[in-house]
Amino acid sequence: MRTTLTFPFLLLALLAACAPQQAQETVDTPLLVYLQADPSGEAHLLARLPNPPGEGGGYFAAPQLLSFPLPAGCSLYDLYPSPGEYLLAAEFDCGGIPLVHLMDLRTAQVRIPSAAYEADTRFLAWSADEQYLYLKADSLGAPFILRVDVGREAARVLDLPETVYDMAALPDGDILYALTRGLGFGSEVWRAEADGRRARLLFAEPGDIVAYLRPSPDGEQVAYILLPDSPVPFPEGELWLRPVEGGEARLLAPADAGHGYAPAWAPDGSGIAFVSRLTSEPFTSQLSFHRFSDTSLLPLTDFSDAVVEAPAWAPGGDALAFTVVRNGTIQVWIEEFPGGEPLPLDETAVSCCAVWLPAK
């Protein structure tokens with residue numbers, strides 16, 4: 001259900017000729033990974049570590065180039081870090097066909113999650129123990145849901161409806177998934193065991209679409225964006241919270257729905273960062289934080305001429321990465337939390353799709 005800006009100018013062909021890196025030692029600091037285009041328009045994956053103590057702090061250390069054989073002729077759709085290892089699921093748009101690759105940042109190896117399903121795969125979720133990767137395959141034909149055992153490189157087709165469009169994993173191994181039976185039918189959210197069995201309906205929204213299911217760190221609640229079940233582009237939406245085990249849902253705040261950006265739980269569960277609109281103008285958005293302790297809404301940005309996108313927390317909860325689209329360009333920004341000043345990683349470079357990998 002994501003509606004996103006695409007990046008046709010970020011052609012990921014340069015790195016195909018690069019020699020593989022040597023295996024890297026695991027570090028005990030969080031790693032920020034993002035895509036950046038050089039002046040010629042070619043793209044690189046970069047990684048940053050926090051500056052060492054006594055050298056200014058913050059997340060502006062010199063970046064390290066990551067060399068990966070990325071698919072030529074494709075644009076990056078998004079990056080999805082695994083919960084606890086230096087693995088990235090990268091989804092590409094290859095001429096309208098989605099493709100998921102797995103990248104290991106320690107060894108610079110890239111592989112297709114399952115050789116049996118090489119093309120037309122779309123990312124759905126990582127399992128909480130990162131053993132499994134959930135994909136939607138053949139989404140342009142006869143769709144089905146795959147669970148890939150990452151270590152064994154084996155895939156299993158799950159007995160789930162082909163109309164599943166969103167999924168999230170709970171800490172206990174169960175999965176949540178959302179489906180729709182078509183425009184005008186609304187959506188349903190189900191819970192099932194990790195293999196898709198023993199599914200049960202949690203709730204339904206007959207007139208709306210539930211998007212971006214995001215369980216809390218303790219797995220007791222799920223946040224999501226609710227948007228109208230309508231073909232009208234760039235609708236306004238709402239941020240909701242619901243107990244996973246059943247109970248009454250709670251509206252937290254109005255939210256930007258049409259651009260397709262998920263809410264992001266603070267690592268300690270103290271609140272949720274999300275993309276909001278300060279006006280009804282669809283091409284201006286901000287980053288906000290709903291704090292549970294006092295139910296306050298804290299503005300994190302105040303741009304008057306930009307769309308703010310895709311908040312991603314540093315594992316320690318002390319910083320947020322996000323992208324800012326303004327004047328036809330897109331850049332990764334960082335804001336230390338709470339109370340920091342938003343700053344671009346590089347004021348001149350085109351960049352996007354920042355994610356964090358946790359400290360080990």
# chains A, B, ... in the order shown; residues from 1 in each chain; ligands from 1
$ residues_around --residues "Pro98 (chain A)" --least-positions-apart "3" --cutoff "7 Å" --atoms "only C-alpha atoms" --output "PDB file with N, CA and C atoms, in the first residue's frame"
ATOM      1  N   GLU A  91      14.857  -3.578  -1.609  1.00  0.00           N
ATOM      2  CA  GLU A  91      13.851  -3.781  -2.654  1.00  0.00           C
ATOM      3  C   GLU A  91      14.077  -2.763  -3.764  1.00  0.00           C
ATOM      4  N   PHE A  92      14.092  -3.269  -4.997  1.00  0.00           N
ATOM      5  CA  PHE A  92      14.330  -2.429  -6.168  1.00  0.00           C
ATOM      6  C   PHE A  92      13.094  -2.421  -7.058  1.00  0.00           C
ATOM      7  N   ASP A  93      12.984  -1.384  -7.848  1.00  0.00           N
ATOM      8  CA  ASP A  93      11.982  -1.303  -8.902  1.00  0.00           C
ATOM      9  C   ASP A  93      12.730  -1.428 -10.219  1.00  0.00           C
ATOM     10  N   CYS A  94      12.519  -2.540 -10.883  1.00  0.00           N
ATOM     11  CA  CYS A  94      13.242  -2.826 -12.122  1.00  0.00           C
ATOM     12  C   CYS A  94      12.256  -2.784 -13.289  1.00  0.00           C
ATOM     13  N   ASP A 120      10.293 -10.565  -9.295  1.00  0.00           N
ATOM     14  CA  ASP A 120       8.959 -10.175  -8.847  1.00  0.00           C
ATOM     15  C   ASP A 120       8.721 -10.593  -7.405  1.00  0.00           C
ATOM     16  N   THR A 121       9.571 -10.100  -6.531  1.00  0.00           N
ATOM     17  CA  THR A 121       9.400 -10.311  -5.096  1.00  0.00           C
ATOM     18  C   THR A 121       9.358  -8.960  -4.405  1.00  0.00           C
ATOM     19  N   ARG A 122       8.447  -8.836  -3.470  1.00  0.00           N
ATOM     20  CA  ARG A 122       8.270  -7.588  -2.728  1.00  0.00           C
ATOM     21  C   ARG A 122       8.426  -7.871  -1.240  1.00  0.00           C
TER      22      ARG A 122
END
$ residues_around --residues "region 160-172 of chain A" --least-positions-apart "4" --cutoff "7 Å" --atoms "only C-alpha atoms" --output "list in words"
Met1, Leu124, Ala125, Trp126, Ser127, Ala128, Pro143, Phe144, Ile145, Leu176, Tyr177, Ala178, Leu179, Thr180, Arg181, Gly196, Ala211, Tyr212, Leu213, Arg214, Pro215 and Gly219 of chain A
$ residues_around --residues "Gly151 (chain A)" --least-positions-apart "6" --cutoff "10 Å" --atoms "only C-alpha atoms" --output "number ranges by chain"
A: 113, 130-132
$ residues_around --residues "region 225-231 of chain A" --least-positions-apart "2" --cutoff "7 Å" --atoms "only C-alpha atoms" --output "number ranges by chain"
A: 183-184, 186, 207-212, 233, 235-240, 257
$ write_last_selection --atoms "all heavy atoms" --output "CSV table (one decimal), in the first residue's frame"
chain,number,residue,atom,x,y,z
A,183,LEU,N,-10.9,-2.4,-4.1
A,183,LEU,CA,-11.3,-1.0,-3.8
A,183,LEU,C,-12.8,-1.0,-3.4
A,183,LEU,O,-13.7,-1.5,-4.1
A,183,LEU,CB,-11.1,-0.2,-5.1
A,183,LEU,CG,-11.4,1.3,-5.0
A,183,LEU,CD1,-10.4,2.0,-4.0
A,183,LEU,CD2,-11.3,2.0,-6.4
A,184,GLY,N,-13.0,-0.3,-2.3
A,184,GLY,CA,-14.4,-0.2,-1.8
A,184,GLY,C,-14.8,-1.2,-0.8
A,184,GLY,O,-15.8,-1.1,-0.2
A,186,GLY,N,-12.7,-2.0,1.9
A,186,GLY,CA,-12.0,-1.8,3.1
A,186,GLY,C,-10.9,-2.8,3.3
A,186,GLY,O,-10.3,-3.4,2.4
A,207,GLY,N,-14.6,0.7,5.6
A,207,GLY,CA,-14.5,1.9,4.7
A,207,GLY,C,-13.1,2.5,4.6
A,207,GLY,O,-13.0,3.5,4.0
A,208,ASP,N,-12.1,1.8,5.2
A,208,ASP,CA,-10.8,2.4,5.2
A,208,ASP,C,-9.7,1.3,5.0
A,208,ASP,O,-10.0,0.1,5.1
A,208,ASP,CB,-10.5,3.1,6.6
A,208,ASP,CG,-11.4,4.3,6.8
A,208,ASP,OD1,-11.3,5.3,6.1
A,208,ASP,OD2,-12.3,4.2,7.7
A,209,ILE,N,-8.5,1.8,4.7
A,209,ILE,CA,-7.4,0.9,4.5
A,209,ILE,C,-6.4,1.0,5.7
A,209,ILE,O,-6.0,2.1,6.1
A,209,ILE,CB,-6.6,1.2,3.2
A,209,ILE,CG1,-7.5,0.9,2.0
A,209,ILE,CG2,-5.4,0.4,3.1
A,209,ILE,CD1,-8.0,-0.5,1.8
A,210,VAL,N,-6.1,-0.1,6.3
A,210,VAL,CA,-5.1,-0.1,7.4
A,210,VAL,C,-3.7,-0.4,6.7
A,210,VAL,O,-3.5,-1.3,6.0
A,210,VAL,CB,-5.4,-1.3,8.4
A,210,VAL,CG1,-4.3,-1.4,9.4
A,210,VAL,CG2,-6.7,-1.0,9.1
A,211,ALA,N,-2.8,0.5,7.0
A,211,ALA,CA,-1.5,0.5,6.4
A,211,ALA,C,-0.4,0.6,7.4
A,211,ALA,O,-0.5,1.2,8.4
A,211,ALA,CB,-1.3,1.6,5.3
A,212,TYR,N,0.8,0.0,7.1
A,212,TYR,CA,2.0,0.1,7.9
A,212,TYR,C,1.8,-0.4,9.4
A,212,TYR,O,1.9,0.4,10.3
A,212,TYR,CB,2.5,1.5,7.8
A,212,TYR,CG,2.8,1.9,6.4
A,212,TYR,CD1,2.0,2.8,5.8
A,212,TYR,CD2,3.8,1.3,5.7
A,212,TYR,CE1,2.2,3.1,4.4
A,212,TYR,CE2,4.1,1.6,4.4
A,212,TYR,CZ,3.3,2.5,3.8
A,212,TYR,OH,3.5,2.8,2.4
A,233,PRO,N,-5.9,10.6,-4.8
A,233,PRO,CA,-4.4,10.6,-4.4
A,233,PRO,C,-4.1,11.5,-3.2
A,233,PRO,O,-4.9,12.5,-2.9
A,233,PRO,CB,-3.7,11.1,-5.7
A,233,PRO,CG,-4.7,12.0,-6.3
A,233,PRO,CD,-6.1,11.4,-6.1
A,235,PRO,N,-4.3,11.3,0.2
A,235,PRO,CA,-5.3,11.6,1.2
A,235,PRO,C,-4.7,12.0,2.5
A,235,PRO,O,-3.5,11.6,2.8
A,235,PRO,CB,-6.1,10.4,1.3
A,235,PRO,CG,-5.2,9.3,1.0
A,235,PRO,CD,-4.3,9.9,-0.1
A,236,GLU,N,-5.4,12.6,3.4
A,236,GLU,CA,-5.0,12.8,4.8
A,236,GLU,C,-5.4,11.5,5.5
A,236,GLU,O,-6.4,10.8,5.1
A,236,GLU,CB,-5.6,14.0,5.4
A,236,GLU,CG,-5.2,15.3,4.8
A,236,GLU,CD,-5.7,16.5,5.5
A,236,GLU,OE1,-5.3,16.8,6.7
A,236,GLU,OE2,-6.6,17.1,5.0
A,237,GLY,N,-4.7,11.1,6.6
A,237,GLY,CA,-5.0,9.9,7.3
A,237,GLY,C,-4.9,10.1,8.8
A,237,GLY,O,-4.9,11.3,9.3
A,238,GLU,N,-4.8,9.0,9.5
A,238,GLU,CA,-4.8,9.1,11.0
A,238,GLU,C,-3.8,8.0,11.5
A,238,GLU,O,-3.7,6.9,10.9
A,238,GLU,CB,-6.2,8.8,11.5
A,238,GLU,CG,-7.2,9.9,11.1
A,238,GLU,CD,-8.7,9.4,11.5
A,238,GLU,OE1,-8.9,8.2,11.6
A,238,GLU,OE2,-9.5,10.3,11.6
A,239,LEU,N,-3.2,8.4,12.6
A,239,LEU,CA,-2.3,7.4,13.3
A,239,LEU,C,-3.2,6.8,14.5
A,239,LEU,O,-3.7,7.5,15.3
A,239,LEU,CB,-1.1,8.2,13.9
A,239,LEU,CG,-0.2,7.3,14.8
A,239,LEU,CD1,0.5,6.2,14.1
A,239,LEU,CD2,0.9,8.3,15.5
A,240,TRP,N,-3.2,5.5,14.5
A,240,TRP,CA,-4.0,4.8,15.4
A,240,TRP,C,-3.2,3.8,16.2
A,240,TRP,O,-2.1,3.4,15.8
A,240,TRP,CB,-5.2,4.0,14.8
A,240,TRP,CG,-6.3,4.8,14.3
A,240,TRP,CD1,-6.4,5.6,13.2
A,240,TRP,CD2,-7.6,4.9,15.0
A,240,TRP,NE1,-7.6,6.2,13.2
A,240,TRP,CE2,-8.4,5.8,14.2
A,240,TRP,CE3,-8.1,4.4,16.1
A,240,TRP,CZ2,-9.7,6.2,14.6
A,240,TRP,CZ3,-9.4,4.7,16.5
A,240,TRP,CH2,-10.2,5.6,15.7
A,257,ALA,N,-1.1,10.4,5.0
A,257,ALA,CA,-1.3,9.0,4.5
A,257,ALA,C,-0.9,8.8,3.1
A,257,ALA,O,-0.5,7.7,2.7
A,257,ALA,CB,-2.8,8.6,4.7
$ residues_around --residues "Pro81 (chain A)" --least-positions-apart "5" --cutoff "8 Å" --atoms "only C-alpha atoms" --output "MDAnalysis selection string"
chainID A and resid 86:89 355:357
$ write_last_selection --atoms "C-alpha atoms" --output "compact mmCIF listing (two decimals), in the first residue's frame"
# COMPACT_ATOMS: atom_id res chain seq x y z
CA TYR A 86 24.18 -6.63 9.66
CA LEU A 87 21.77 -7.76 6.97
CA LEU A 88 19.73 -5.54 4.69
CA ALA A 89 16.80 -6.53 2.53
CA VAL A 355 18.21 2.98 7.94
CA TRP A 356 20.02 1.95 11.12
CA LEU A 357 21.53 -1.35 12.06
$ closest_residue --among "A:Glu205, A:Asp305, A:Glu347, A:Asp104" --to "Gly328 (chain A)" --atoms "only C-alpha atoms"
A:Asp305
$ residues_around --residues "Glu153 (chain A)" --least-positions-apart "4" --cutoff "7 Å" --atoms "only C-alpha atoms" --output "ChimeraX atom specification"
/A:113-114,148-149
$ residues_around --residues "Val308 (chain A)" --least-positions-apart "4" --cutoff "7 Å" --atoms "only C-alpha atoms" --output "list of chain:residue names"
A:Val275, A:Ser285, A:Gln286, A:Leu287, A:Thr323, A:Val324, A:Val325
$ write_last_selection --atoms "C-alpha atoms" --output "PDB file, in the first residue's frame"
ATOM      1  CA  VAL A 275       4.852  12.047   9.221  1.00  0.00           C
ATOM      2  CA  SER A 285       4.701  17.548   5.592  1.00  0.00           C
ATOM      3  CA  GLN A 286       6.511  17.475   8.918  1.00  0.00           C
ATOM      4  CA  LEU A 287       7.893  14.997  11.404  1.00  0.00           C
ATOM      5  CA  THR A 323      14.597  12.408   4.238  1.00  0.00           C
ATOM      6  CA  VAL A 324      13.653  15.894   3.109  1.00  0.00           C
ATOM      7  CA  VAL A 325      12.302  16.524  -0.392  1.00  0.00           C
TER       8      VAL A 325
END
$ atom_distance --atom1 "CA of Ala264 (chain A)" --atom2 "CA of Leu320 (chain A)"
9.8 Å
$ atom_distance --atom1 "CA of Glu188 (chain A)" --atom2 "CA of Leu135 (chain A)"
19.0 Å
$ closest_residue --among "A:Ile112, A:Leu49, A:Ala155, A:Val33" --to "Ala62 (chain A)" --atoms "only C-alpha atoms"
A:Leu49
$ atom_distance --atom1 "CA of Ala47 (chain A)" --atom2 "CA of Leu298 (chain A)"
29.0 Å
$ select_by_dssp --residues "region 85-128 of chain A" --states "strand (DSSP E)" --output "PyMOL selection string"
chain A and resi 87-94+97-104+109-111+121-126
